[in-house]
>>> print(open('my_file_24.cif').read())   # mmCIF, N, CA, C and O atoms
data_protein
loop_
_atom_site.group_PDB
_atom_site.id
_atom_site.type_symbol
_atom_site.label_atom_id
_atom_site.label_comp_id
_atom_site.auth_asym_id
_atom_site.auth_seq_id
_atom_site.Cartn_x
_atom_site.Cartn_y
_atom_site.Cartn_z
ATOM 1 N N MET H 253 -28.026 49.975 -31.210
ATOM 2 C CA MET H 253 -27.101 48.875 -31.009
ATOM 3 C C MET H 253 -25.870 49.090 -31.881
ATOM 4 O O MET H 253 -25.962 49.583 -32.973
ATOM 5 N N SER H 254 -24.743 48.705 -31.352
ATOM 6 C CA SER H 254 -23.517 48.713 -32.136
ATOM 7 C C SER H 254 -22.803 47.398 -31.871
ATOM 8 O O SER H 254 -23.261 46.596 -31.071
ATOM 9 N N LYS H 255 -21.723 47.185 -32.543
ATOM 10 C CA LYS H 255 -20.953 45.955 -32.350
ATOM 11 C C LYS H 255 -19.585 46.296 -31.801
ATOM 12 O O LYS H 255 -18.965 47.274 -32.208
ATOM 13 N N THR H 256 -19.116 45.485 -30.872
ATOM 14 C CA THR H 256 -17.779 45.664 -30.319
ATOM 15 C C THR H 256 -17.034 44.341 -30.366
ATOM 16 O O THR H 256 -17.635 43.266 -30.406
ATOM 17 N N CYS H 257 -15.716 44.439 -30.332
ATOM 18 C CA CYS H 257 -14.872 43.259 -30.281
ATOM 19 C C CYS H 257 -15.049 42.600 -28.918
ATOM 20 O O CYS H 257 -14.957 43.265 -27.885
ATOM 21 N N ALA H 258 -15.293 41.307 -28.916
ATOM 22 C CA ALA H 258 -15.502 40.578 -27.664
ATOM 23 C C ALA H 258 -14.201 40.443 -26.869
ATOM 24 O O ALA H 258 -14.233 40.183 -25.681
ATOM 25 N N VAL H 259 -13.056 40.652 -27.499
ATOM 26 C CA VAL H 259 -11.769 40.510 -26.829
ATOM 27 C C VAL H 259 -11.295 41.842 -26.238
ATOM 28 O O VAL H 259 -11.030 41.942 -25.050
ATOM 29 N N CYS H 260 -11.226 42.889 -27.083
ATOM 30 C CA CYS H 260 -10.646 44.154 -26.609
ATOM 31 C C CYS H 260 -11.683 45.242 -26.340
ATOM 32 O O CYS H 260 -11.358 46.271 -25.764
ATOM 33 N N GLY H 261 -12.922 45.049 -26.790
ATOM 34 C CA GLY H 261 -13.971 46.031 -26.547
ATOM 35 C C GLY H 261 -13.999 47.192 -27.526
ATOM 36 O O GLY H 261 -14.777 48.124 -27.374
ATOM 37 N N LYS H 262 -13.156 47.165 -28.572
ATOM 38 C CA LYS H 262 -13.156 48.231 -29.580
ATOM 39 C C LYS H 262 -14.480 48.255 -30.335
ATOM 40 O O LYS H 262 -15.045 47.205 -30.623
ATOM 41 N N GLN H 263 -14.926 49.460 -30.678
ATOM 42 C CA GLN H 263 -16.129 49.584 -31.505
ATOM 43 C C GLN H 263 -15.786 49.154 -32.923
ATOM 44 O O GLN H 263 -14.748 49.528 -33.471
ATOM 45 N N LEU H 264 -16.629 48.328 -33.515
ATOM 46 C CA LEU H 264 -16.389 47.807 -34.853
ATOM 47 C C LEU H 264 -17.184 48.593 -35.887
ATOM 48 O O LEU H 264 -18.246 49.125 -35.594
ATOM 49 N N GLU H 265 -16.651 48.649 -37.102
ATOM 50 C CA GLU H 265 -17.333 49.314 -38.205
ATOM 51 C C GLU H 265 -17.870 48.259 -39.165
ATOM 52 O O GLU H 265 -17.230 47.249 -39.422
ATOM 53 N N TRP H 266 -19.034 48.530 -39.737
ATOM 54 C CA TRP H 266 -19.673 47.634 -40.703
ATOM 55 C C TRP H 266 -18.906 47.693 -42.020
ATOM 56 O O TRP H 266 -18.471 48.766 -42.440
ATOM 57 N N VAL H 267 -18.716 46.558 -42.678
ATOM 58 C CA VAL H 267 -17.952 46.553 -43.927
ATOM 59 C C VAL H 267 -18.735 47.134 -45.095
ATOM 60 O O VAL H 267 -18.164 47.431 -46.134
ATOM 61 N N GLY H 268 -20.026 47.312 -44.940
ATOM 62 C CA GLY H 268 -20.824 47.882 -46.019
ATOM 63 C C GLY H 268 -21.489 46.815 -46.862
ATOM 64 O O GLY H 268 -21.389 45.616 -46.581
ATOM 65 N N SER H 269 -22.173 47.258 -47.899
ATOM 66 C CA SER H 269 -22.947 46.328 -48.719
ATOM 67 C C SER H 269 -22.259 45.970 -50.027
ATOM 68 O O SER H 269 -22.836 45.315 -50.877
ATOM 69 N N GLY H 270 -21.031 46.412 -50.215
ATOM 70 C CA GLY H 270 -20.273 46.042 -51.397
ATOM 71 C C GLY H 270 -20.566 46.911 -52.601
ATOM 72 O O GLY H 270 -21.399 47.809 -52.557
ATOM 73 N N PRO H 271 -19.870 46.637 -53.704
ATOM 74 C CA PRO H 271 -20.083 47.420 -54.923
ATOM 75 C C PRO H 271 -21.465 47.146 -55.511
ATOM 76 O O PRO H 271 -22.020 46.064 -55.327
ATOM 77 N N GLU H 272 -22.003 48.115 -56.218
ATOM 78 C CA GLU H 272 -23.362 47.991 -56.761
ATOM 79 C C GLU H 272 -23.514 46.831 -57.740
ATOM 80 O O GLU H 272 -24.597 46.267 -57.863
ATOM 81 N N TRP H 273 -22.437 46.472 -58.426
ATOM 82 C CA TRP H 273 -22.559 45.429 -59.445
ATOM 83 C C TRP H 273 -22.562 44.019 -58.854
ATOM 84 O O TRP H 273 -22.837 43.051 -59.550
ATOM 85 N N MET H 274 -22.283 43.865 -57.566
ATOM 86 C CA MET H 274 -22.322 42.549 -56.920
ATOM 87 C C MET H 274 -23.647 42.351 -56.215
ATOM 88 O O MET H 274 -24.163 43.273 -55.593
ATOM 89 N N ASN H 275 -24.184 41.129 -56.307
ATOM 90 C CA ASN H 275 -25.367 40.852 -55.492
ATOM 91 C C ASN H 275 -24.909 40.444 -54.087
ATOM 92 O O ASN H 275 -23.722 40.258 -53.832
ATOM 93 N N SER H 276 -25.844 40.323 -53.168
ATOM 94 C CA SER H 276 -25.480 40.077 -51.763
ATOM 95 C C SER H 276 -24.762 38.740 -51.576
ATOM 96 O O SER H 276 -23.901 38.620 -50.711
ATOM 97 N N TYR H 277 -25.071 37.735 -52.394
ATOM 98 C CA TYR H 277 -24.404 36.437 -52.265
ATOM 99 C C TYR H 277 -22.946 36.532 -52.703
ATOM 100 O O TYR H 277 -22.057 35.952 -52.080
ATOM 101 N N GLN H 278 -22.687 37.277 -53.794
ATOM 102 C CA GLN H 278 -21.313 37.463 -54.249
ATOM 103 C C GLN H 278 -20.505 38.232 -53.199
ATOM 104 O O GLN H 278 -19.374 37.882 -52.904
ATOM 105 N N TRP H 279 -21.107 39.272 -52.631
ATOM 106 C CA TRP H 279 -20.412 40.077 -51.627
ATOM 107 C C TRP H 279 -20.089 39.241 -50.399
ATOM 108 O O TRP H 279 -18.992 39.305 -49.856
ATOM 109 N N ASP H 280 -21.052 38.424 -49.949
ATOM 110 C CA ASP H 280 -20.808 37.553 -48.798
ATOM 111 C C ASP H 280 -19.654 36.587 -49.061
ATOM 112 O O ASP H 280 -18.927 36.218 -48.148
ATOM 113 N N ALA H 281 -19.482 36.177 -50.315
ATOM 114 C CA ALA H 281 -18.434 35.205 -50.652
ATOM 115 C C ALA H 281 -17.038 35.818 -50.642
ATOM 116 O O ALA H 281 -16.062 35.116 -50.393
ATOM 117 N N VAL H 282 -16.912 37.120 -50.891
ATOM 118 C CA VAL H 282 -15.578 37.709 -51.008
ATOM 119 C C VAL H 282 -15.148 38.565 -49.812
ATOM 120 O O VAL H 282 -13.962 38.793 -49.623
ATOM 121 N N LYS H 283 -16.088 39.030 -49.019
ATOM 122 C CA LYS H 283 -15.691 39.913 -47.915
ATOM 123 C C LYS H 283 -14.992 39.125 -46.805
ATOM 124 O O LYS H 283 -15.174 37.925 -46.661
ATOM 125 N N ALA H 284 -14.202 39.826 -46.030
ATOM 126 C CA ALA H 284 -13.415 39.180 -44.980
ATOM 127 C C ALA H 284 -14.191 39.037 -43.678
ATOM 128 O O ALA H 284 -13.773 38.330 -42.777
ATOM 129 N N GLY H 285 -15.305 39.729 -43.556
ATOM 130 C CA GLY H 285 -16.119 39.694 -42.343
ATOM 131 C C GLY H 285 -17.236 40.708 -42.453
ATOM 132 O O GLY H 285 -17.295 41.470 -43.410
ATOM 133 N N ASP H 286 -18.118 40.727 -41.479
ATOM 134 C CA ASP H 286 -19.222 41.680 -41.474
ATOM 135 C C ASP H 286 -18.820 43.017 -40.862
ATOM 136 O O ASP H 286 -19.388 44.051 -41.178
ATOM 137 N N TYR H 287 -17.854 42.979 -39.947
ATOM 138 C CA TYR H 287 -17.396 44.174 -39.236
ATOM 139 C C TYR H 287 -15.878 44.165 -39.184
ATOM 140 O O TYR H 287 -15.242 43.127 -39.324
ATOM 141 N N PHE H 288 -15.277 45.351 -38.976
ATOM 142 C CA PHE H 288 -13.823 45.421 -38.883
ATOM 143 C C PHE H 288 -13.406 46.507 -37.901
ATOM 144 O O PHE H 288 -14.190 47.364 -37.521
ATOM 145 N N ALA H 289 -12.144 46.449 -37.491
ATOM 146 C CA ALA H 289 -11.529 47.476 -36.654
ATOM 147 C C ALA H 289 -10.043 47.510 -36.959
ATOM 148 O O ALA H 289 -9.442 46.478 -37.270
ATOM 149 N N LYS H 290 -9.441 48.695 -36.911
ATOM 150 C CA LYS H 290 -7.988 48.822 -37.058
ATOM 151 C C LYS H 290 -7.319 48.122 -35.878
ATOM 152 O O LYS H 290 -7.782 48.220 -34.752
ATOM 153 N N CYS H 291 -6.233 47.419 -36.143
ATOM 154 C CA CYS H 291 -5.573 46.674 -35.076
ATOM 155 C C CYS H 291 -4.082 46.575 -35.359
ATOM 156 O O CYS H 291 -3.689 46.290 -36.491
ATOM 157 N N ASP H 292 -3.271 46.824 -34.344
ATOM 158 C CA ASP H 292 -1.816 46.733 -34.489
ATOM 159 C C ASP H 292 -1.354 45.305 -34.754
ATOM 160 O O ASP H 292 -0.295 45.090 -35.321
ATOM 161 N N LYS H 293 -2.141 44.322 -34.339
ATOM 162 C CA LYS H 293 -1.754 42.918 -34.488
ATOM 163 C C LYS H 293 -2.519 42.226 -35.620
ATOM 164 O O LYS H 293 -2.578 41.006 -35.677
ATOM 165 N N ALA H 294 -3.104 43.018 -36.531
ATOM 166 C CA ALA H 294 -3.916 42.446 -37.616
ATOM 167 C C ALA H 294 -3.068 41.588 -38.546
ATOM 168 O O ALA H 294 -1.942 41.950 -38.873
ATOM 169 N N SER H 295 -3.618 40.469 -38.962
ATOM 170 C CA SER H 295 -2.910 39.617 -39.918
ATOM 171 C C SER H 295 -3.226 40.032 -41.355
ATOM 172 O O SER H 295 -2.492 39.700 -42.277
ATOM 173 N N HIS H 296 -4.319 40.760 -41.564
ATOM 174 C CA HIS H 296 -4.687 41.227 -42.895
ATOM 175 C C HIS H 296 -3.753 42.365 -43.300
ATOM 176 O O HIS H 296 -3.432 43.219 -42.477
ATOM 177 N N PRO H 297 -3.287 42.403 -44.555
ATOM 178 C CA PRO H 297 -2.312 43.415 -44.975
ATOM 179 C C PRO H 297 -2.803 44.866 -44.849
ATOM 180 O O PRO H 297 -1.988 45.781 -44.788
ATOM 181 N N ASN H 298 -4.107 45.097 -44.795
ATOM 182 C CA ASN H 298 -4.585 46.475 -44.695
ATOM 183 C C ASN H 298 -4.651 46.981 -43.254
ATOM 184 O O ASN H 298 -5.078 48.103 -42.998
ATOM 185 N N GLY H 299 -4.233 46.157 -42.290
ATOM 186 C CA GLY H 299 -4.183 46.595 -40.897
ATOM 187 C C GLY H 299 -5.486 46.480 -40.141
ATOM 188 O O GLY H 299 -5.622 46.988 -39.043
ATOM 189 N N ASN H 300 -6.457 45.791 -40.732
ATOM 190 C CA ASN H 300 -7.749 45.605 -40.063
ATOM 191 C C ASN H 300 -7.909 44.182 -39.551
ATOM 192 O O ASN H 300 -7.418 43.239 -40.163
ATOM 193 N N CYS H 301 -8.602 44.037 -38.428
ATOM 194 C CA CYS H 301 -9.083 42.735 -37.980
ATOM 195 C C CYS H 301 -10.551 42.658 -38.389
ATOM 196 O O CYS H 301 -11.276 43.645 -38.273
ATOM 197 N N TYR H 302 -10.978 41.518 -38.858
ATOM 198 C CA TYR H 302 -12.354 41.345 -39.331
ATOM 199 C C TYR H 302 -13.116 40.387 -38.434
ATOM 200 O O TYR H 302 -12.544 39.457 -37.878
ATOM 201 N N PHE H 303 -14.409 40.634 -38.307
ATOM 202 C CA PHE H 303 -15.283 39.842 -37.438
ATOM 203 C C PHE H 303 -16.568 39.515 -38.171
ATOM 204 O O PHE H 303 -17.127 40.368 -38.853
ATOM 205 N N TRP H 304 -17.050 38.308 -38.010
ATOM 206 C CA TRP H 304 -18.379 37.955 -38.505
ATOM 207 C C TRP H 304 -19.396 38.344 -37.436
ATOM 208 O O TRP H 304 -19.042 38.506 -36.266
ATOM 209 N N LYS H 305 -20.644 38.483 -37.817
ATOM 210 C CA LYS H 305 -21.704 38.877 -36.872
ATOM 211 C C LYS H 305 -21.688 37.985 -35.636
ATOM 212 O O LYS H 305 -21.837 38.459 -34.522
ATOM 213 N N ARG H 306 -21.486 36.702 -35.829
ATOM 214 C CA ARG H 306 -21.529 35.756 -34.706
ATOM 215 C C ARG H 306 -20.358 35.960 -33.745
ATOM 216 O O ARG H 306 -20.431 35.576 -32.584
ATOM 217 N N ASP H 307 -19.254 36.555 -34.221
ATOM 218 C CA ASP H 307 -18.077 36.745 -33.383
ATOM 219 C C ASP H 307 -18.028 38.125 -32.721
ATOM 220 O O ASP H 307 -17.250 38.335 -31.805
ATOM 221 N N ALA H 308 -18.852 39.035 -33.200
ATOM 222 C CA ALA H 308 -18.879 40.383 -32.634
ATOM 223 C C ALA H 308 -19.907 40.418 -31.505
ATOM 224 O O ALA H 308 -20.887 39.682 -31.513
ATOM 225 N N GLN H 309 -19.655 41.267 -30.546
ATOM 226 C CA GLN H 309 -20.531 41.357 -29.379
ATOM 227 C C GLN H 309 -21.456 42.561 -29.541
ATOM 228 O O GLN H 309 -20.993 43.671 -29.801
ATOM 229 N N GLU H 310 -22.771 42.335 -29.402
ATOM 230 C CA GLU H 310 -23.718 43.446 -29.497
ATOM 231 C C GLU H 310 -23.703 44.245 -28.216
ATOM 232 O O GLU H 310 -23.720 43.693 -27.129
ATOM 233 N N THR H 311 -23.640 45.544 -28.351
ATOM 234 C CA THR H 311 -23.664 46.407 -27.174
ATOM 235 C C THR H 311 -24.698 47.504 -27.379
ATOM 236 O O THR H 311 -24.947 47.922 -28.501
ATOM 237 N N LEU H 312 -25.270 47.956 -26.302
ATOM 238 C CA LEU H 312 -26.211 49.069 -26.376
ATOM 239 C C LEU H 312 -25.420 50.363 -26.493
ATOM 240 O O LEU H 312 -24.475 50.586 -25.748
ATOM 241 N N THR H 313 -25.814 51.203 -27.437
ATOM 242 C CA THR H 313 -25.198 52.508 -27.577
ATOM 243 C C THR H 313 -25.927 53.466 -26.651
ATOM 244 O O THR H 313 -27.152 53.577 -26.731
ATOM 245 N N PRO H 314 -25.212 54.157 -25.773
ATOM 246 C CA PRO H 314 -25.897 55.064 -24.854
ATOM 247 C C PRO H 314 -26.642 56.157 -25.598
ATOM 248 O O PRO H 314 -26.139 56.684 -26.584
ATOM 249 N N ALA H 315 -27.844 56.472 -25.152
ATOM 250 C CA ALA H 315 -28.648 57.509 -25.793
ATOM 251 C C ALA H 315 -28.016 58.866 -25.510
ATOM 252 O O ALA H 315 -27.506 59.114 -24.426
ATOM 253 N N LYS H 316 -28.076 59.733 -26.501
ATOM 254 C CA LYS H 316 -27.544 61.080 -26.326
ATOM 255 C C LYS H 316 -28.514 61.898 -25.504
ATOM 256 O O LYS H 316 -29.718 61.823 -25.666
ATOM 257 N N SER H 317 -27.972 62.702 -24.606
ATOM 258 C CA SER H 317 -28.793 63.540 -23.744
ATOM 259 C C SER H 317 -29.406 64.671 -24.557
ATOM 260 O O SER H 317 -28.754 65.271 -25.403
ATOM 261 N N GLU H 318 -30.692 64.921 -24.320
ATOM 262 C CA GLU H 318 -31.383 65.990 -25.009
ATOM 263 C C GLU H 318 -30.952 67.361 -24.476
ATOM 264 O O GLU H 318 -31.105 68.356 -25.125
ATOM 265 N N GLY H 319 -30.451 67.385 -23.242
ATOM 266 C CA GLY H 319 -29.992 68.641 -22.643
ATOM 267 C C GLY H 319 -31.152 69.568 -22.310
ATOM 268 O O GLY H 319 -31.757 70.158 -23.172
ATOM 269 N N GLY H 320 -31.501 69.660 -21.091
ATOM 270 C CA GLY H 320 -32.613 70.515 -20.689
ATOM 271 C C GLY H 320 -33.505 69.766 -19.715
ATOM 272 O O GLY H 320 -33.784 68.596 -19.907
ATOM 273 N N ALA H 321 -33.895 70.419 -18.685
ATOM 274 C CA ALA H 321 -34.747 69.784 -17.676
ATOM 275 C C ALA H 321 -36.202 70.076 -17.946
ATOM 276 O O ALA H 321 -36.535 71.106 -18.512
ATOM 277 N N ALA H 322 -37.075 69.165 -17.553
ATOM 278 C CA ALA H 322 -38.501 69.336 -17.787
ATOM 279 C C ALA H 322 -39.165 70.059 -16.633
ATOM 280 O O ALA H 322 -38.743 70.087 -15.545
#
>>> encode(input="my_file_24.cif", output="structure tokens")
Amino acid sequence: MSKTCAVCGKQLEWVGSGPEWMNSYQWDAVKAGDYFAKCDKASHPNGNCYFWKRDAQETLTPAKSEGGAA
């Protein structure tokens, strides 16, 4: 499974688990979202649009072909 933007369909990247010195509650309080994508119309100064899990759309990632017939 991966996450995509429900508006444009771009694949989103996970923001990560934060710095080691922060616990998960501190990280949740300061991060801009759970997932992000580069966007020309981003309001954030770093050029990313951010999405929370509830706003991102779950999509099935196609399985890679093993290559070879049985």
>>> closest_residue(input="my_file_24.cif", among="H:Cys260, H:Glu265, H:Met274, H:Thr311", to="Phe288 (chain H)", atoms="all atoms listed in the file")
H:Glu265
>>> residues_around(input="my_file_24.cif", residues="region 293-309 of chain H", least_positions_apart="4", cutoff="6 Å", atoms="only C-alpha atoms", output="PyMOL selection string")
chain H and resi 255-258+285-289
>>> atom_distance(input="my_file_24.cif", atom1="atom O of Trp279 (chain H)", atom2="atom O of Trp266 (chain H)")
12.0 Å
>>> atom_distance(input="my_file_24.cif", atom1="CA of Gly270 (chain H)", atom2="atom C of Lys290 (chain H)")
20.3 Å
>>> select_by_dssp(input="my_file_24.cif", residues="chain H", states="strand (DSSP E)", output="PyMOL selection string")
chain H and resi 254-257+265-266+287-290+300-303+308-311
>>> atom_distance(input="my_file_24.cif", atom1="atom N of Cys291 (chain H)", atom2="atom O of Gln263 (chain H)")
9.2 Å
>>> select_by_dssp(input="my_file_24.cif", residues="chain H", states="alpha helix (DSSP H)", output="list of chain:residue names")
H:Ser276, H:Tyr277, H:Gln278, H:Trp279, H:Asp280, H:Ala281, H:Val282
>>> axis_aligned_box(input="my_file_24.cif", around="region 296-306 of chain H", padding_each_side="4 Å", output="JSON")
{"center_x": -11.9, "center_y": 41.8, "center_z": -38.8, "size_x": 27.8, "size_y": 20.5, "size_z": 20.4}
